[in-house]
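First up is the structure itself, then whatever we jot down about it.
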Amino acid sequence: MTGSFGKTYKLTGSKTIELVYRQGAVIKEYPFISRVSEITNDKAPIQVVISVSKRNFKKAVTRNLIKRRIREAIRLNKTDLVQGLEHSNKQLAIFVIYTAKEVHDFELIEHRIKRLLAKIISHEI
RNA sequence: AAGGCAAAUCGGUCUAUCGCUGCUUCAUCUGUAUGGAUGGGGGAGAGGAAAGUCCGGGCAGCAUAGAGCGCCGUACUUCCUAACGGGAAGGUACCUUUAUCGGUAACAGAAAGUGCCACAGAAAGGAAAACUACCUUAGCUGAUUUCGGUCACUGGGGAAAAGGUGAAAAGGUGAGGUAAGAGCUCACCGAGCUGGCGGCGACGUCAGCUGCAUGGUAAACCUUACGGGCUGAAAGACCAUGUAAACCCGGGAUUGAGGAUUGCUCGUCCGAUCCGGGAGGGUAGGUCGAUUGACGCUAAUGGUGACAUUAGUGCUAGAUAAAUGAUAGACAUUUGGAUCUUGGUCCGAAUACAGAACCCGGCUUAUAGAUUUGCCUUUUGU
């Protein structure tokens, strides 16, 4: 299993995003709220959207910083989830929303992302 | 050497591990094929403001983008530029300064017209007016008298000087003059006009003439000159998908009902594929546009300068729910503390503003810190 997290892992298309946002199962782990739903996709086991509200962070620089930290945390810790999904031949679309009002450092974000992914595993598999 | 002001330039570096987005190349697999997938190698990957979206241009579209009116913008001069509301060099006024330097300017027109000028004041635009005060004159008026007059009151006339109001009372100051006064006359200053000279020009300067009522406001309407067709990369083109110029009901016109074009008019164009209502659906995925350009760097030449020309050289992001990151360490700069040998060591903190979204030229705003140049001040040395 490589640490790769390329373009195929990115969720695109307004219809699927709308679907996940409307109907996905809600899984919370502060400072994140995520919505997860099963999709069919032969390119990657998971596809992820990361969202940071413009209302909470006015500057594009800070939004980019948070999104990059979250993406890095998911990239480093997604192995268990991906293997589980490959076992049961499922694919997931995950919509991650950052809800905190302040910028957290990478250590905390990684710790919480680990717990979030564990919750997704127990919910979906 | 330190501090201040102005201008210009730069705005962290390196290593390791794991990653992201294009480009290129090799191998393997697959496909009729442009290709696709996997793995490896090489090389590239945010800014001076990428920001605000305030101007200008390129580019693209409009079943014509034309004319007039309207509307909007600009407003000292000359030049630069693809263009500009930007820039350069100057002019004028004001501020600052011993003087320079420097700063600010919605810097066209108020004798084309209209409006407004609160409060105060007699009067705020009409060659106006008389509250106090000035001069003069008249009276079967009054008081007083040294019988000449003087004062008061009332009426007529002169004057626009003094006081008072105001941001502003209609050239200013001084002298002459006068019944009192007045550019009535004179000197100086100011203003206007005419001419000469200098300058491409804004304008400057010199001389002469005119005794010179005619304010402010155009960030009020307005006038003059110049400019502007509208939309905006979610533009637009192609491919794929789709019965889509499709269906039903009502109205309306046969040579003009209606529609498009810019707010209106004309003109032009389209024109049964018209107008109103209703029912039921579909797409929103990819490629191009899109990064070689009014491009960057260096040198020479021309120009006070903005800039231009010529020669050489370089290719320097191209994402699209949106790449350029994470972790660890070292260095650099600034700074706080401790220590002693006073410039070393140790420990700690800080390193800004901020993220390309079609591309350029500007403007504006944010910005830790560093460097260079010029000017000024202080101190030290010679």
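Ligands are numbered from 1 in the order shown, residues from 1 within each chain, and chains are lettered A, B, ... in the order they appear in the structure tokens.
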Quiz prompt | Residue list for chain B near chain A as a ChimeraX atom specification, 9 Å, only C-alpha atoms (C1' of nucleotides) | solution = /B:18-21,284-285,321,325-326,354-355
Quiz item: DSSP on the backbone: what in chain A comes out alpha helix (DSSP H), as an NGL selection string?
Solution: :A and (14-23 or 60-77 or 79-88 or 106-124)
Which residues come within 8 Å of stretch 332-349 of chain B, counting only C-alpha atoms (C1' of nucleotides), excluding same-chain residues fewer than 2 positions away, as a PDB file with C-alpha atoms (C1' of nucleotides), in the first residue's frame?
```
ATOM      1  C1'   G B  12      14.416  33.636   3.814  1.00  0.00           C
ATOM      2  C1'   U B  13      18.156  29.388   2.499  1.00  0.00           C
ATOM      3  C1'   G B 369      12.877  42.512   8.031  1.00  0.00           C
TER       4        G B 369
END
```
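Between A:Phe32 and the residues A:Val82, A:Ala93, A:Ile109, A:Ile121, the shortest atom-to-atom distance, using only C-alpha atoms, involves A:Ile109.
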Quiz prompt | Separation of atom C1' of B:C363 from atom C1' of B:U77 in Å | solution =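 One can read the atom C1' of B:U77 to atom C1' of B:C363 distance as 23.0 Å.
By only C-alpha atoms (C1' of nucleotides), and with residues fewer than 4 positions from A:Lys119 along its chain excluded, the set lying at most 8 Å from it is Ile27, Arg115 and His123 of chain A.
Within 8 Å of B:A159, once only C-alpha atoms (C1' of nucleotides) are used and residues closer than 3 positions along the same chain are dropped, the contacting residues are B:A180, B:G181, B:A182.
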Selection above as a file: all heavy atoms, as a CSV table (one decimal), in the first residue's frame:
```csv
chain,number,residue,atom,x,y,z
B,180,A,P,-16.1,121.1,3.9
B,180,A,OP1,-15.2,121.3,5.1
B,180,A,OP2,-15.4,121.1,2.6
B,180,A,O5',-16.8,119.7,4.1
B,180,A,C5',-17.4,119.4,5.3
B,180,A,C4',-18.3,118.2,5.2
B,180,A,O4',-19.4,118.5,4.3
B,180,A,C3',-17.7,116.9,4.6
B,180,A,O3',-17.0,116.2,5.6
B,180,A,C2',-18.9,116.2,4.0
B,180,A,O2',-19.6,115.4,4.9
B,180,A,C1',-19.8,117.4,3.5
B,180,A,N9,-19.6,117.7,2.1
B,180,A,C8,-18.8,118.6,1.5
B,180,A,N7,-18.9,118.7,0.2
B,180,A,C5,-19.9,117.8,-0.1
B,180,A,C6,-20.6,117.4,-1.3
B,180,A,N6,-20.2,117.9,-2.5
B,180,A,N1,-21.6,116.5,-1.2
B,180,A,C2,-21.9,116.0,0.0
B,180,A,N3,-21.4,116.3,1.2
B,180,A,C4,-20.4,117.2,1.1
B,181,G,P,-15.5,115.6,5.3
B,181,G,OP1,-15.0,115.1,6.6
B,181,G,OP2,-14.8,116.7,4.6
B,181,G,O5',-15.7,114.4,4.4
B,181,G,C5',-15.5,114.4,3.0
B,181,G,C4',-16.5,113.5,2.3
B,181,G,O4',-17.6,114.3,1.7
B,181,G,C3',-15.9,112.8,1.1
B,181,G,O3',-15.2,111.6,1.5
B,181,G,C2',-17.1,112.4,0.3
B,181,G,O2',-17.8,111.3,0.8
B,181,G,C1',-18.0,113.7,0.5
B,181,G,N9,-17.7,114.7,-0.6
B,181,G,C8,-16.9,115.7,-0.6
B,181,G,N7,-16.9,116.4,-1.7
B,181,G,C5,-17.8,115.7,-2.5
B,181,G,C6,-18.2,116.0,-3.8
B,181,G,O6,-17.8,116.9,-4.6
B,181,G,N1,-19.1,115.0,-4.3
B,181,G,C2,-19.6,114.0,-3.5
B,181,G,N2,-20.5,113.2,-4.1
B,181,G,N3,-19.2,113.8,-2.3
B,181,G,C4,-18.3,114.7,-1.8
B,182,A,P,-13.8,111.3,0.8
B,182,A,OP1,-13.2,110.2,1.5
B,182,A,OP2,-13.0,112.5,0.4
B,182,A,O5',-14.4,110.7,-0.6
B,182,A,C5',-15.1,109.4,-0.6
B,182,A,C4',-15.9,109.2,-1.9
B,182,A,O4',-16.7,110.4,-2.1
B,182,A,C3',-15.0,109.1,-3.1
B,182,A,O3',-14.4,107.8,-3.3
B,182,A,C2',-16.0,109.5,-4.2
B,182,A,O2',-16.8,108.4,-4.5
B,182,A,C1',-16.8,110.6,-3.5
B,182,A,N9,-16.3,111.9,-3.9
B,182,A,C8,-15.5,112.7,-3.2
B,182,A,N7,-15.2,113.8,-3.7
B,182,A,C5,-15.9,113.8,-4.9
B,182,A,C6,-16.0,114.7,-6.0
B,182,A,N6,-15.4,115.9,-6.0
B,182,A,N1,-16.8,114.3,-7.0
B,182,A,C2,-17.4,113.1,-7.0
B,182,A,N3,-17.4,112.2,-6.0
B,182,A,C4,-16.6,112.6,-5.0
```
Practice problem: Just the residues within 10 Å of B:C84, please, counting only C-alpha atoms (C1' of nucleotides), with nothing from its chain fewer than 2 positions along; format it as an MDAnalysis selection string. | Solution: chainID B and resid 55:57 81 86 361:362
Residue neighbourhood B:G172, 12 Å, only C-alpha atoms (C1' of nucleotides), exclusion window fewer than 2 positions, as a PDB file with C-alpha atoms (C1' of nucleotides), in the first residue's frame:
```
ATOM      1  C1'   G B 174      -1.850 107.818   1.855  1.00  0.00           C
ATOM      2  C1'   C B 188       2.112 103.395  -4.923  1.00  0.00           C
ATOM      3  C1'   C B 189      -0.227  98.546  -4.920  1.00  0.00           C
ATOM      4  C1'   G B 190      -4.210  95.661  -7.228  1.00  0.00           C
ATOM      5  C1'   A B 191      -7.580  94.764 -11.594  1.00  0.00           C
TER       6        A B 191
END
```
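For stretch 48-92 of chain A, a DSSP pass over the backbone yields strand (DSSP E) at Val48, Val49, Ile50, Ser51, Val52, Gln91 and Leu92 of chain A.
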Put those residues in a file: N, CA, C and O atoms, as a PDB file, in the first residue's frame.
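Saved result, part-v4.pdb, follows:
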```pdb
ATOM      1  N   VAL A  48     -12.897  11.911  -1.861  1.00  0.00           N
ATOM      2  CA  VAL A  48     -13.033  12.817  -0.718  1.00  0.00           C
ATOM      3  C   VAL A  48     -13.207  14.264  -1.199  1.00  0.00           C
ATOM      4  O   VAL A  48     -12.548  14.687  -2.154  1.00  0.00           O
ATOM      5  N   VAL A  49     -14.105  14.977  -0.535  1.00  0.00           N
ATOM      6  CA  VAL A  49     -14.205  16.424  -0.683  1.00  0.00           C
ATOM      7  C   VAL A  49     -13.904  17.046   0.664  1.00  0.00           C
ATOM      8  O   VAL A  49     -14.430  16.590   1.681  1.00  0.00           O
ATOM      9  N   ILE A  50     -13.053  18.055   0.672  1.00  0.00           N
ATOM     10  CA  ILE A  50     -12.754  18.771   1.925  1.00  0.00           C
ATOM     11  C   ILE A  50     -13.305  20.179   1.785  1.00  0.00           C
ATOM     12  O   ILE A  50     -13.059  20.862   0.783  1.00  0.00           O
ATOM     13  N   SER A  51     -14.048  20.602   2.790  1.00  0.00           N
ATOM     14  CA  SER A  51     -14.671  21.916   2.727  1.00  0.00           C
ATOM     15  C   SER A  51     -14.333  22.722   3.961  1.00  0.00           C
ATOM     16  O   SER A  51     -14.442  22.231   5.078  1.00  0.00           O
ATOM     17  N   VAL A  52     -13.877  23.953   3.734  1.00  0.00           N
ATOM     18  CA  VAL A  52     -13.614  24.905   4.822  1.00  0.00           C
ATOM     19  C   VAL A  52     -14.403  26.167   4.505  1.00  0.00           C
ATOM     20  O   VAL A  52     -14.281  26.719   3.418  1.00  0.00           O
ATOM     21  N   GLN A  91     -17.142   1.098  -2.455  1.00  0.00           N
ATOM     22  CA  GLN A  91     -16.510   2.393  -2.658  1.00  0.00           C
ATOM     23  C   GLN A  91     -17.321   3.458  -1.913  1.00  0.00           C
ATOM     24  O   GLN A  91     -18.550   3.390  -1.896  1.00  0.00           O
ATOM     25  N   LEU A  92     -16.602   4.406  -1.344  1.00  0.00           N
ATOM     26  CA  LEU A  92     -17.268   5.434  -0.546  1.00  0.00           C
ATOM     27  C   LEU A  92     -16.960   6.830  -1.083  1.00  0.00           C
ATOM     28  O   LEU A  92     -15.874   7.080  -1.598  1.00  0.00           O
TER      29      LEU A  92
END
```
Quiz item: Suppose you want the space between atom C1' of B:G156 and atom C1' of B:G125; what is it in Å?
Solution: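 Going from atom C1' of B:G156 over to atom C1' of B:G125 covers 29.5 Å.
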Practice problem: Go through A:Ile33, A:Val26, A:Leu81, A:Ile66 and flag the residue nearest A:Glu102, using only C-alpha atoms for the distances. | Solution: A:Ile66
Practice problem: Provide the atom C1' of B:A272 to atom C1' of B:A63 distance in Å, to one decimal place. | Solution: 16.4 Å
